[in-house]
$ cat model13.txt   # compact mmCIF, C-alpha atoms
# COMPACT_ATOMS: atom_id res chain seq x y z
CA MET A 9 148.20 157.50 118.74
CA TRP A 10 149.97 155.97 121.78
CA GLU A 11 149.70 159.30 123.58
CA THR A 12 145.92 159.32 122.92
CA ILE A 13 145.56 155.75 124.22
CA HIS A 14 147.66 156.63 127.29
CA GLN A 15 145.47 159.64 128.06
CA ALA A 16 142.33 157.58 127.47
CA CYS A 17 143.48 154.95 129.96
CA LEU A 18 144.23 157.66 132.52
CA ALA A 19 140.79 159.16 131.93
CA VAL A 20 139.21 155.74 132.56
CA ILE A 21 141.08 155.42 135.84
CA TYR A 22 140.20 158.95 136.96
CA LEU A 23 136.63 159.18 135.62
CA ASP A 24 135.12 162.54 136.48
CA SER A 25 131.50 163.10 137.48
CA ASP A 26 130.46 164.18 133.96
CA VAL A 27 131.63 160.89 132.50
CA TRP A 28 129.94 158.95 135.29
CA GLN A 29 126.70 160.74 134.51
CA ILE A 30 127.03 159.77 130.82
CA VAL A 31 127.67 156.14 131.81
CA PHE A 32 124.72 156.21 134.20
CA THR A 33 122.38 157.69 131.53
CA SER A 34 123.50 155.04 129.02
CA LEU A 35 122.88 152.21 131.46
CA LYS A 36 119.54 153.62 132.58
CA VAL A 37 118.26 153.93 128.99
CA SER A 38 119.65 150.60 127.79
CA ILE A 39 118.63 148.53 130.81
CA THR A 40 115.11 149.98 130.81
CA ALA A 41 114.81 149.33 127.06
CA LEU A 42 116.08 145.80 127.67
CA MET A 43 113.43 145.27 130.36
CA VAL A 44 110.68 146.56 128.07
CA GLY A 45 112.02 144.39 125.24
CA THR A 46 112.11 141.38 127.55
CA ILE A 47 108.61 141.86 128.93
CA LEU A 48 107.13 142.34 125.44
CA GLY A 49 109.53 140.38 123.25
CA LEU A 50 109.76 137.08 125.11
CA PRO A 51 106.01 136.33 125.29
CA PHE A 52 105.54 137.63 121.76
CA GLY A 53 108.35 135.38 120.49
CA ALA A 54 106.83 132.46 122.40
CA ILE A 55 103.36 133.06 120.92
CA LEU A 56 104.84 133.19 117.41
CA ALA A 57 106.74 129.97 118.12
CA ILE A 58 103.90 127.86 119.46
CA ALA A 59 100.58 129.30 118.29
CA HIS A 60 99.19 129.01 114.78
CA PHE A 61 96.92 131.81 113.64
CA PRO A 62 96.22 133.71 110.41
CA GLY A 63 98.95 136.26 109.70
CA ARG A 64 101.56 134.47 111.82
CA ASP A 65 104.02 134.17 108.95
CA VAL A 66 103.57 137.85 108.13
CA LEU A 67 104.33 138.77 111.74
CA ILE A 68 107.44 136.57 111.76
CA THR A 69 108.69 138.24 108.59
CA LEU A 70 107.89 141.64 110.08
CA ILE A 71 109.84 141.12 113.31
CA ASN A 72 112.74 139.61 111.37
CA THR A 73 112.74 142.75 109.20
CA LEU A 74 112.47 145.08 112.21
CA MET A 75 115.42 143.29 113.73
CA ASN A 76 117.55 144.60 110.86
CA VAL A 77 116.08 148.07 110.41
CA PRO A 78 118.77 150.80 110.75
CA THR A 79 118.50 152.51 114.10
CA VAL A 80 118.32 155.97 112.52
CA ILE A 81 115.09 155.00 110.77
CA ILE A 82 113.58 154.08 114.15
CA GLY A 83 114.97 157.35 115.49
CA VAL A 84 113.28 159.39 112.77
CA LEU A 85 109.96 157.58 113.23
CA VAL A 86 109.99 158.09 117.00
CA TYR A 87 111.04 161.71 116.46
CA LEU A 88 108.00 162.22 114.21
CA LEU A 89 105.74 160.56 116.78
CA LEU A 90 107.04 162.59 119.71
CA SER A 91 107.58 165.95 118.02
CA ARG A 92 105.11 168.72 118.91
CA SER A 93 103.10 168.19 115.75
CA GLY A 94 103.22 164.40 116.08
CA PRO A 95 100.44 162.18 117.50
CA LEU A 96 102.31 161.75 120.81
CA GLY A 97 103.64 165.29 120.93
CA TYR A 98 101.36 166.15 123.86
CA LEU A 99 103.49 163.88 126.07
CA GLY A 100 106.38 166.33 125.77
CA ILE A 101 109.05 163.64 125.98
CA LEU A 102 111.11 164.46 122.90
CA PHE A 103 114.74 165.08 123.93
CA THR A 104 114.18 163.30 127.23
CA VAL A 105 115.30 159.99 128.67
CA PRO A 106 111.77 158.44 128.41
CA GLY A 107 111.74 159.32 124.69
CA MET A 108 115.09 157.60 124.25
CA ILE A 109 113.79 154.55 126.12
CA ILE A 110 110.82 154.34 123.73
CA ALA A 111 113.15 154.48 120.72
CA GLN A 112 115.48 151.84 122.12
CA SER A 113 112.59 149.62 123.19
CA LEU A 114 111.46 149.60 119.56
CA LEU A 115 114.91 148.26 118.74
CA THR A 116 115.20 145.67 121.51
CA THR A 117 111.65 144.25 121.36
CA PRO A 118 111.70 142.83 117.80
CA LEU A 119 115.26 141.59 118.23
CA ILE A 120 114.44 139.71 121.44
CA ALA A 121 111.16 138.45 119.95
CA ALA A 122 112.86 137.17 116.79
CA ILE A 123 115.70 135.38 118.55
CA SER A 124 113.45 133.95 121.26
CA ARG A 125 110.97 132.73 118.62
CA GLN A 126 113.71 130.70 116.98
CA ILE A 127 114.98 129.28 120.29
CA ILE A 128 111.46 128.44 121.50
CA SER A 129 110.45 126.93 118.13
CA ASP A 130 113.22 124.37 118.51
CA ALA A 131 112.22 123.57 122.09
CA TRP A 132 108.55 123.39 121.10
CA GLN A 133 109.28 120.51 118.75
CA ILE A 134 110.27 118.54 121.86
CA HIS A 135 107.69 119.80 124.34
CA ARG A 136 104.57 120.20 122.18
CA GLU A 137 103.12 116.72 122.68
CA PRO A 138 103.85 116.43 126.42
CA PHE A 139 102.39 119.90 127.03
CA LEU A 140 99.25 119.10 125.04
CA SER A 141 98.95 115.77 126.80
CA LEU A 142 99.09 117.58 130.15
CA ARG A 143 96.24 119.78 128.86
CA LEU A 144 98.19 122.99 129.48
CA LYS A 145 96.42 126.06 128.12
CA LEU A 146 98.21 128.49 125.79
CA PHE A 147 99.18 130.85 128.63
CA GLN A 148 100.54 127.93 130.65
CA GLN A 149 102.37 126.54 127.63
CA ILE A 150 104.05 129.93 127.13
CA LYS A 151 104.98 130.15 130.80
CA TRP A 152 106.60 126.71 130.95
CA ILE A 153 108.31 126.80 127.57
CA LEU A 154 109.87 130.16 128.50
CA TRP A 155 110.98 128.68 131.79
CA ASP A 156 112.45 125.61 130.09
CA CYS A 157 114.34 127.80 127.61
CA ARG A 158 115.48 130.32 130.21
CA PHE A 159 119.19 129.54 129.88
CA SER A 160 119.17 129.64 126.07
CA LEU A 161 117.12 132.84 126.12
CA ILE A 162 119.96 134.65 127.87
CA ILE A 163 121.51 135.02 124.42
CA ALA A 164 118.40 136.88 123.21
CA LEU A 165 118.64 139.26 126.17
CA LEU A 166 122.35 139.79 125.57
CA ALA A 167 121.65 140.62 121.94
CA GLY A 168 118.95 143.07 123.06
CA PHE A 169 121.29 144.72 125.55
CA GLY A 170 124.05 144.87 122.95
CA ARG A 171 121.71 146.48 120.43
CA ALA A 172 120.63 149.09 123.00
CA ILE A 173 123.96 149.99 124.61
CA SER A 174 125.87 150.25 121.33
CA GLU A 175 123.15 152.15 119.47
CA VAL A 176 123.82 155.76 118.51
CA GLY A 177 121.46 156.83 115.69
CA ALA A 178 118.09 156.66 117.43
CA VAL A 179 119.20 158.11 120.78
CA MET A 180 121.01 160.92 118.99
CA ILE A 181 117.86 161.90 117.05
CA VAL A 182 115.32 161.37 119.84
CA GLY A 183 117.53 162.39 122.78
CA GLY A 184 119.33 165.25 121.12
CA ASN A 185 122.66 164.50 122.91
CA ILE A 186 122.00 167.18 125.56
CA ALA A 187 124.83 167.45 128.12
CA HIS A 188 123.95 166.29 131.66
CA HIS A 189 120.57 165.20 130.39
CA THR A 190 120.35 162.85 127.39
CA ARG A 191 124.02 162.31 126.55
CA THR A 192 124.95 158.64 126.39
CA MET A 193 128.30 156.95 125.91
CA THR A 194 127.77 156.41 122.19
CA THR A 195 126.50 159.92 121.45
CA ALA A 196 129.31 161.39 123.58
CA ILE A 197 131.90 159.33 121.67
CA THR A 198 130.51 160.66 118.38
CA LEU A 199 130.54 164.23 119.66
CA GLU A 200 134.04 164.11 121.17
CA THR A 201 135.44 162.50 118.03
CA ASN A 202 133.93 165.29 115.92
CA LYS A 203 135.40 167.85 118.32
CA GLY A 204 138.80 166.16 118.05
CA ASP A 205 139.01 165.09 121.71
CA LEU A 206 140.01 161.56 120.80
CA SER A 207 141.33 160.63 124.22
CA LEU A 208 137.94 161.31 125.88
CA ALA A 209 136.13 159.50 123.03
CA LEU A 210 138.47 156.55 123.44
CA SER A 211 138.12 156.50 127.23
CA LEU A 212 134.33 156.36 126.85
CA GLY A 213 134.79 153.57 124.32
CA ILE A 214 136.90 151.64 126.84
CA VAL A 215 134.20 152.09 129.50
CA LEU A 216 131.58 150.92 127.00
CA ILE A 217 133.58 147.80 126.19
CA LEU A 218 134.15 147.10 129.90
CA VAL A 219 130.41 147.40 130.62
CA VAL A 220 129.52 145.03 127.77
CA LEU A 221 132.29 142.65 128.86
CA MET A 222 131.03 142.57 132.46
CA VAL A 223 127.42 141.98 131.39
CA ASN A 224 128.49 139.15 129.06
CA LEU A 225 130.73 137.61 131.72
CA PHE A 226 127.89 137.69 134.25
CA ALA A 227 125.47 136.16 131.73
CA PHE A 228 127.99 133.49 130.72
CA LEU A 229 128.69 132.45 134.31
CA THR A 230 124.97 132.43 135.20
CA LYS A 231 124.17 130.30 132.13
CA LYS A 232 127.04 127.90 132.77
CA MET A 233 126.23 127.37 136.46
CA SER A 234 122.51 126.94 135.76
CA GLU A 235 123.12 124.50 132.92
CA GLN A 236 125.45 122.46 135.11
CA LYS A 237 122.67 122.21 137.64
CA TYR A 238 119.65 121.60 135.41
CA GLY A 239 121.12 120.34 132.13
CA MET B 24 85.02 98.87 130.27
CA ALA B 25 84.19 101.47 127.63
CA ASP B 26 84.59 101.66 123.89
CA ILE B 27 86.51 104.26 121.96
CA THR B 28 84.95 104.74 118.53
CA LEU B 29 87.15 105.97 115.72
CA THR B 30 85.52 107.10 112.49
CA ASN B 31 87.00 108.63 109.37
CA ILE B 32 90.56 108.78 110.71
CA GLN B 33 92.91 109.27 107.80
CA ILE B 34 96.42 110.54 108.22
CA VAL B 35 98.63 110.74 105.17
CA HIS B 36 102.23 111.87 105.28
CA ASN B 37 104.42 112.15 102.19
CA HIS B 38 101.79 110.26 100.12
CA ARG B 39 101.90 107.41 102.65
CA ALA B 40 98.89 106.45 104.74
CA ILE B 41 100.03 106.47 108.35
CA LEU B 42 96.57 105.73 109.69
CA ASN B 43 93.43 104.80 107.80
CA ILE B 44 90.46 103.87 109.97
CA SER B 45 87.00 104.23 108.44
CA ASN B 46 85.07 102.97 111.46
CA LYS B 47 86.38 100.93 114.37
CA LYS B 48 85.73 100.44 118.04
CA ILE B 49 88.47 99.79 120.54
CA GLN B 50 87.31 98.03 123.66
CA CYS B 51 89.45 99.22 126.53
CA GLN B 52 89.99 96.40 128.98
CA SER B 53 92.08 96.94 132.06
CA ILE B 54 95.32 96.83 130.07
CA THR B 55 94.99 96.70 126.30
CA GLY B 56 98.06 96.25 124.18
CA VAL B 57 98.43 97.91 120.80
CA ILE B 58 100.86 95.89 118.77
CA GLY B 59 102.20 96.04 115.26
CA ALA B 60 105.41 96.44 113.33
CA ASN B 61 107.47 99.62 113.37
CA GLY B 62 105.68 102.28 111.34
CA SER B 63 102.36 100.43 111.46
CA GLY B 64 100.63 103.39 113.14
CA LYS B 65 100.60 102.38 116.82
CA SER B 66 101.94 105.66 118.20
CA THR B 67 99.85 107.69 115.76
CA LEU B 68 96.71 105.85 116.87
CA LEU B 69 97.45 106.68 120.51
CA LYS B 70 98.14 110.31 119.61
CA VAL B 71 94.81 110.55 117.77
CA ILE B 72 92.98 109.13 120.79
CA ALA B 73 94.88 111.53 123.09
CA GLY B 74 93.90 114.44 120.86
CA LEU B 75 97.51 115.31 120.07
CA ILE B 76 96.75 114.86 116.39
CA HIS B 77 93.47 116.31 115.27
CA GLN B 78 91.85 117.04 111.94
CA SER B 79 88.45 118.58 111.44
CA ASN B 80 87.01 115.50 109.73
CA PHE B 81 88.03 113.12 112.54
CA GLU B 82 85.17 111.63 114.52
CA LEU B 83 86.29 110.35 117.86
CA LEU B 84 83.83 109.09 120.45
CA ASN B 85 85.83 108.78 123.60
CA PRO B 86 84.09 108.11 126.91
CA TYR B 87 87.35 108.82 128.78
CA LYS B 88 87.44 112.54 129.37
CA ASP B 89 90.39 112.22 131.75
CA LEU B 90 93.09 110.63 129.68
CA VAL B 91 96.79 111.33 129.53
CA MET B 92 99.38 110.07 127.12
CA VAL B 93 102.83 109.08 128.34
CA LEU B 94 105.18 109.36 125.40
CA HIS B 95 107.95 106.99 124.47
CA GLN B 96 110.52 109.37 125.94
CA THR B 97 108.82 112.21 127.77
CA PRO B 98 111.02 115.30 127.81
CA MET B 99 111.08 117.02 131.20
CA ILE B 100 111.31 120.71 131.96
CA LYS B 101 114.68 121.91 133.21
CA MET B 102 113.83 121.95 136.90
CA SER B 103 113.67 119.49 139.78
CA VAL B 104 111.59 116.30 139.92
CA TYR B 105 109.31 117.92 142.50
CA GLN B 106 108.82 121.06 140.38
CA ASN B 107 108.03 118.94 137.31
CA LEU B 108 105.15 117.45 139.25
CA ARG B 109 104.19 120.69 140.95
CA LEU B 110 103.52 122.33 137.57
CA LEU B 111 100.39 120.17 137.39
CA LYS B 112 98.81 122.62 139.83
CA ASP B 113 98.26 124.78 136.76
CA VAL B 114 95.82 122.22 135.37
CA CYS B 115 94.72 120.55 138.62
CA PRO B 116 94.38 123.40 141.14
CA GLN B 117 93.05 121.00 143.78
CA LEU B 118 96.38 119.18 143.86
CA THR B 119 98.13 119.54 147.22
CA ASN B 120 101.84 119.41 148.02
CA ASP B 121 101.15 116.46 150.35
CA ARG B 122 99.55 114.52 147.49
CA ILE B 123 102.52 115.27 145.23
CA GLU B 124 104.96 114.08 147.89
CA GLN B 125 102.85 110.95 148.45
CA VAL B 126 102.92 110.07 144.74
CA ILE B 127 106.67 110.74 144.61
CA LYS B 128 107.09 108.09 147.31
CA GLU B 129 104.67 105.68 145.59
CA PHE B 130 106.73 105.85 142.43
CA HIS B 131 110.03 105.44 144.32
CA LEU B 132 111.27 108.86 143.33
CA ASP B 133 111.67 110.27 146.85
CA HIS B 134 115.47 110.03 146.81
CA LEU B 135 115.45 112.09 143.58
CA ILE B 136 112.98 114.75 144.65
CA ASN B 137 115.39 117.68 144.33
CA GLN B 138 117.38 116.29 141.41
CA PRO B 139 117.12 117.97 138.00
CA ALA B 140 114.53 115.96 136.06
CA THR B 141 116.49 116.27 132.82
CA LYS B 142 119.41 114.40 134.39
CA LEU B 143 117.44 111.34 135.48
CA SER B 144 118.05 107.96 133.87
CA ALA B 145 115.59 106.80 131.18
CA GLY B 146 113.83 104.51 133.67
CA GLU B 147 113.54 107.24 136.30
CA LYS B 148 112.22 109.68 133.71
CA GLN B 149 109.60 107.15 132.63
CA ARG B 150 108.53 106.65 136.26
CA LEU B 151 108.28 110.41 136.64
CA ALA B 152 106.17 110.66 133.47
CA LEU B 153 103.89 107.90 134.75
CA ALA B 154 103.64 109.61 138.14
CA ARG B 155 102.69 112.86 136.42
CA ALA B 156 99.95 111.14 134.42
CA TYR B 157 98.69 109.39 137.55
CA LEU B 158 98.65 112.66 139.52
CA MET B 159 96.37 114.16 136.89
CA GLY B 160 93.72 111.65 137.93
CA ALA B 161 93.51 110.09 134.46
CA LYS B 162 91.11 107.19 134.06
CA LEU B 163 92.81 106.10 130.84
CA LEU B 164 96.56 106.18 130.36
CA LEU B 165 97.96 105.87 126.87
CA LEU B 166 101.47 104.49 127.02
CA ASP B 167 103.72 104.60 123.98
CA GLU B 168 106.43 101.97 124.30
CA PRO B 169 106.76 102.62 128.05
CA THR B 170 109.76 100.39 128.58
CA ALA B 171 111.55 100.58 125.24
CA SER B 172 115.30 101.05 125.80
CA LEU B 173 115.02 100.40 129.54
CA ASP B 174 117.09 97.81 131.40
CA PRO B 175 115.31 94.75 132.90
CA ALA B 176 115.23 96.21 136.42
CA SER B 177 113.66 99.48 135.26
CA THR B 178 111.25 97.55 133.01
CA LEU B 179 110.17 95.46 135.98
CA LEU B 180 109.55 98.57 138.09
CA ILE B 181 107.42 100.18 135.37
CA GLU B 182 105.49 96.98 134.70
CA SER B 183 104.75 96.41 138.38
CA LYS B 184 103.54 100.02 138.66
CA ILE B 185 101.27 99.58 135.62
CA LEU B 186 99.78 96.40 137.13
CA GLU B 187 99.35 98.14 140.49
CA LEU B 188 97.56 101.11 138.90
CA ALA B 189 95.39 98.81 136.77
CA LYS B 190 94.10 97.24 140.00
CA THR B 191 92.91 100.69 141.13
CA GLY B 192 90.61 100.90 138.09
CA ILE B 193 92.81 102.88 135.72
CA HIS B 194 92.65 101.59 132.16
CA PHE B 195 95.70 101.38 129.94
CA LEU B 196 96.15 101.41 126.19
CA MET B 197 99.76 100.47 125.67
CA ALA B 198 101.68 100.40 122.41
CA SER B 199 104.44 97.83 122.45
CA HIS B 200 106.31 95.51 120.15
CA ASP B 201 107.59 93.41 123.01
CA PHE B 202 105.52 90.21 122.75
CA ALA B 203 106.68 88.91 126.13
CA GLN B 204 105.64 92.13 127.81
CA VAL B 205 102.27 92.17 126.07
CA LYS B 206 101.65 88.60 127.24
CA ARG B 207 102.70 89.51 130.80
CA LEU B 208 100.60 92.64 131.11
CA CYS B 209 97.77 92.86 128.61
CA HIS B 210 94.34 91.31 128.88
CA ASP B 211 93.62 91.92 125.24
CA VAL B 212 95.36 93.11 122.13
CA VAL B 213 94.64 95.48 119.27
CA PHE B 214 96.67 94.52 116.22
CA ILE B 215 97.46 97.24 113.74
CA ALA B 216 99.16 96.92 110.36
CA ASP B 217 99.57 99.36 107.48
CA GLY B 218 97.68 102.04 109.41
CA GLN B 219 94.60 99.85 109.88
CA ILE B 220 93.24 98.10 112.92
CA GLN B 221 93.20 94.50 111.75
CA GLU B 222 91.76 92.78 114.79
CA GLN B 223 91.16 92.93 118.51
CA SER B 224 90.94 89.92 120.74
CA SER B 225 92.10 88.55 124.07
CA THR B 226 95.86 88.22 124.35
CA ASN B 227 95.81 84.43 124.58
CA LEU B 228 93.46 84.10 121.62
CA PHE B 229 95.47 86.52 119.51
CA PHE B 230 98.76 84.69 119.98
CA SER B 231 97.25 81.19 119.74
CA SER B 232 94.91 81.70 116.79
CA PRO B 233 95.18 85.07 115.06
CA GLN B 234 92.29 85.86 112.73
CA THR B 235 93.94 87.81 109.94
CA THR B 236 96.75 86.86 107.60
CA ALA B 237 98.64 90.02 108.55
CA ALA B 238 98.54 89.02 112.22
CA LYS B 239 99.61 85.45 111.41
CA ASN B 240 102.58 86.73 109.41
CA PHE B 241 103.49 89.25 112.09
CA ILE B 242 103.48 86.66 114.85
CA ALA B 243 105.37 84.15 112.70
CA LEU B 244 108.07 86.74 112.04
CA HIS B 245 108.50 87.58 115.70
CA LEU B 246 108.42 84.12 117.24

$ encode --input "model13.txt" --output "structure tokens"
Amino acid sequence: MWETIHQACLAVIYLDSDVWQIVFTSLKVSITALMVGTILGLPFGAILAIAHFPGRDVLITLINTLMNVPTVIIGVLVYLLLSRSGPLGYLGILFTVPGMIIAQSLLTTPLIAAISRQIISDAWQIHREPFLSLRLKLFQQIKWILWDCRFSLIIALLAGFGRAISEVGAVMIVGGNIAHHTRTMTTAITLETNKGDLSLALSLGIVLILVVLMVNLFAFLTKKMSEQKYG
Amino acid sequence: MADITLTNIQIVHNHRAILNISNKKIQCQSITGVIGANGSGKSTLLKVIAGLIHQSNFELLNPYKDLVMVLHQTPMIKMSVYQNLRLLKDVCPQLTNDRIEQVIKEFHLDHLINQPATKLSAGEKQRLALARAYLMGAKLLLLDEPTASLDPASTLLIESKILELAKTGIHFLMASHDFAQVKRLCHDVVFIADGQIQEQSSTNLFFSSPQTTAAKNFIALHL
């Protein structure tokens, strides 16, 4: 075991171009899915938090459920949608990076929406009356409540990024784990472990942990500095 | 001077009537005090007039289209004092940066312009909330306990600002349980007890010869 760990550490230090490409593909897919999840999930979470309309409770239950759906289920559904006989088969994006981004966006969006809804609901209790008194319209209320909650919402984005970067089931099914094309860190780890190359699998795992650690450290420092400034 | 007519206002919470007004008119003088014991319905009445609480059966005839409520403790958005005022451009597009800076000076907030609004003292926050309401061009300001929990110096600043604005033609409806303050500021008084408007009269008349038993008891308890 120590020999494997030693080799894994060496592999991390001397990362070859193949591994860099895997890391790059992982980050590209996860960060894009995070951006899609942020653009869709934050306003959706805010609407669910502050607006009252028929079916709101159903939608809240739905996004809470989607937040916990196994990633392979999302993978299978996206596979069916994008396969040649599926309704979006004409796009020809099965086993491509855009297909993987779609699958991961379906994972990040409900998660970000659900967490942001909870955070914004709490803030809305405080800001509802002042916002109504200022005669802000719904769009403006959403804009300013999101802005007020921006530091707390970092946790929703971190959760979304964590869900995307660590996910293996959906990207494996939709991406197909094709070398130099759709292979990500998690799918590569699965493959190398199955092949018995534990040192490479472990070295990819170390890179994955380092990436997540750096993102969390950056988010933590940003949140702390901003909170010190604005309270 | 204009009247606000309230009809069929009934708010019940946990089987308790918070507000129960079948038909009443409130005459808004320059500064009208709304007084009553804690839980009598003062804040709720202001919120109904401001439209913050609304039910389909409420009938509210309010000649003041431009009214703003300043809450007891107005929470600010996590950004600077200037930005908290600048957000009003969303609802008042004609508002200029020069006008915002002018009002900041008028409300003695110029030394705090770039400070985070959430870190202001209670008095400074209340001045900022008042400045925000004033910037919106409101003709009627509804103030809910504007100086509660403020020190005497901050109270004096707020009171002088209210008097100054009243001279410009802005009307105030101000909930307070501070008798001394009501006597200092208000031209007339609306007395509310058990969710009902019991009487409205000039401040001097109310404190010297209250009409209702509830008002007599209330004054006797507080003097």

$ residues_around --input "model13.txt" --residues "Gly56 (chain B)" --least-positions-apart "6" --cutoff "8 Å" --atoms "all atoms listed in the file" --output "MDAnalysis selection string"
chainID B and resid 196:199 205 209:213

$ write_last_selection --input "model13.txt" --atoms "C-alpha atoms" --output "tab-separated table (two decimals), in the coordinates of the input"
chain	number	residue	atom	x	y	z
B	196	LEU	CA	96.15	101.41	126.19
B	197	MET	CA	99.76	100.47	125.67
B	198	ALA	CA	101.68	100.40	122.41
B	199	SER	CA	104.44	97.83	122.45
B	205	VAL	CA	102.27	92.17	126.07
B	209	CYS	CA	97.77	92.86	128.61
B	210	HIS	CA	94.34	91.31	128.88
B	211	ASP	CA	93.62	91.92	125.24
B	212	VAL	CA	95.36	93.11	122.13
B	213	VAL	CA	94.64	95.48	119.27

$ residues_around --input "model13.txt" --residues "Ala40 (chain B)" --least-positions-apart "2" --cutoff "12 Å" --atoms "only C-alpha atoms" --output "JSON, numbers by chain"
{"B": [32, 33, 34, 35, 36, 37, 38, 42, 43, 44, 62, 63, 64, 67, 216, 217, 218, 219]}

$ interface_residues --input "model13.txt" --of "chain A" --to "chain B" --cutoff "6 Å" --atoms "all atoms listed in the file" --output "compact mmCIF listing (two decimals) with C-alpha atoms, in the coordinates of the input"
# COMPACT_ATOMS: atom_id res chain seq x y z
CA SER A 141 98.95 115.77 126.80
CA ASP A 156 112.45 125.61 130.09
CA TYR A 238 119.65 121.60 135.41

$ residues_near_point --input "model13.txt" --point "(120.3, 104.8, 135.6)" --cutoff "9 Å" --atoms "all atoms listed in the file" --output "list in words"
Leu143, Ser144, Ala145, Gly146, Glu147, Asp174 and Ser177 of chain B

$ residues_around --input "model13.txt" --residues "Arg125 (chain A)" --least-positions-apart "2" --cutoff "6 Å" --atoms "only C-alpha atoms" --output "number ranges by chain"
A: 53-54, 57, 121-123, 127-129

$ atom_distance --input "model13.txt" --atom1 "CA of Gly63 (chain A)" --atom2 "CA of Trp152 (chain A)"
24.5 Å

$ closest_residue --input "model13.txt" --among "B:Asp26, B:Glu182, B:Asp133, B:Glu82" --to "Gln204 (chain B)" --atoms "only C-alpha atoms"
B:Glu182

$ closest_residue --input "model13.txt" --among "A:Val220, A:Val179, A:Leu115, A:Ile150" --to "Thr73 (chain A)" --atoms "only C-alpha atoms"
A:Leu115

$ closest_residue --input "model13.txt" --among "B:Leu166, B:Leu29, B:Val71, B:Ala154" --to "Gln50 (chain B)" --atoms "all atoms listed in the file"
B:Leu29

$ closest_residue --input "model13.txt" --among "A:Leu142, A:Ile162, A:Leu229, A:Ala41" --to "Gly107 (chain A)" --atoms "all atoms listed in the file"
A:Ala41

$ residues_near_point --input "model13.txt" --point "(92.8, 100.9, 125.6)" --cutoff "7 Å" --atoms "all atoms listed in the file" --output "list of chain:residue names"
B:Ile49, B:Gln50, B:Cys51, B:Gln52, B:Ile54, B:Thr55, B:His194, B:Phe195, B:Leu196, B:Met197

$ atom_distance --input "model13.txt" --atom1 "CA of Glu222 (chain B)" --atom2 "CA of Phe241 (chain B)"
12.5 Å

$ decode --input "model13.txt" --residues "region 84-125 of chain B" --atoms "C-alpha atoms" --output "PDB file, in the first residue's frame"
ATOM      1  CA  LEU B  84     -59.267  54.560   0.645  1.00  0.00           C
ATOM      2  CA  ASN B  85     -55.915  56.223   0.730  1.00  0.00           C
ATOM      3  CA  PRO B  86     -55.388  59.560  -1.004  1.00  0.00           C
ATOM      4  CA  TYR B  87     -51.614  59.245  -0.505  1.00  0.00           C
ATOM      5  CA  LYS B  88     -50.316  57.299  -3.459  1.00  0.00           C
ATOM      6  CA  ASP B  89     -46.708  58.085  -2.559  1.00  0.00           C
ATOM      7  CA  LEU B  90     -46.274  56.669   0.895  1.00  0.00           C
ATOM      8  CA  VAL B  91     -43.394  54.801   2.433  1.00  0.00           C
ATOM      9  CA  MET B  92     -43.175  52.976   5.719  1.00  0.00           C
ATOM     10  CA  VAL B  93     -40.045  53.195   7.839  1.00  0.00           C
ATOM     11  CA  LEU B  94     -39.970  50.138  10.047  1.00  0.00           C
ATOM     12  CA  HIS B  95     -38.989  49.977  13.674  1.00  0.00           C
ATOM     13  CA  GLN B  96     -35.580  48.584  12.717  1.00  0.00           C
ATOM     14  CA  THR B  97     -35.105  48.699   8.966  1.00  0.00           C
ATOM     15  CA  PRO B  98     -32.678  46.009   7.834  1.00  0.00           C
ATOM     16  CA  MET B  99     -30.184  47.261   5.264  1.00  0.00           C
ATOM     17  CA  ILE B 100     -28.674  45.404   2.339  1.00  0.00           C
ATOM     18  CA  LYS B 101     -25.075  44.305   2.774  1.00  0.00           C
ATOM     19  CA  MET B 102     -23.486  47.150   0.849  1.00  0.00           C
ATOM     20  CA  SER B 103     -22.435  50.732   1.471  1.00  0.00           C
ATOM     21  CA  VAL B 104     -24.674  53.571   2.670  1.00  0.00           C
ATOM     22  CA  TYR B 105     -24.471  55.171  -0.774  1.00  0.00           C
ATOM     23  CA  GLN B 106     -25.391  51.919  -2.551  1.00  0.00           C
ATOM     24  CA  ASN B 107     -28.348  51.396  -0.203  1.00  0.00           C
ATOM     25  CA  LEU B 108     -29.713  54.713  -1.402  1.00  0.00           C
ATOM     26  CA  ARG B 109     -28.660  54.213  -5.000  1.00  0.00           C
ATOM     27  CA  LEU B 110     -30.826  51.084  -5.269  1.00  0.00           C
ATOM     28  CA  LEU B 111     -33.816  53.437  -5.278  1.00  0.00           C
ATOM     29  CA  LYS B 112     -32.968  54.165  -8.912  1.00  0.00           C
ATOM     30  CA  ASP B 113     -34.740  50.888  -9.619  1.00  0.00           C
ATOM     31  CA  VAL B 114     -38.040  52.397  -8.488  1.00  0.00           C
ATOM     32  CA  CYS B 115     -37.304  56.089  -9.107  1.00  0.00           C
ATOM     33  CA  PRO B 116     -35.365  56.187 -12.403  1.00  0.00           C
ATOM     34  CA  GLN B 117     -35.342  59.990 -12.357  1.00  0.00           C
ATOM     35  CA  LEU B 118     -33.184  59.987  -9.226  1.00  0.00           C
ATOM     36  CA  THR B 119     -29.734  61.460  -9.866  1.00  0.00           C
ATOM     37  CA  ASN B 120     -26.461  60.763  -8.083  1.00  0.00           C
ATOM     38  CA  ASP B 121     -26.267  64.472  -7.160  1.00  0.00           C
ATOM     39  CA  ARG B 122     -29.672  64.274  -5.463  1.00  0.00           C
ATOM     40  CA  ILE B 123     -28.600  61.168  -3.535  1.00  0.00           C
ATOM     41  CA  GLU B 124     -25.416  62.880  -2.367  1.00  0.00           C
ATOM     42  CA  GLN B 125     -27.415  65.975  -1.393  1.00  0.00           C
TER      43      GLN B 125
END
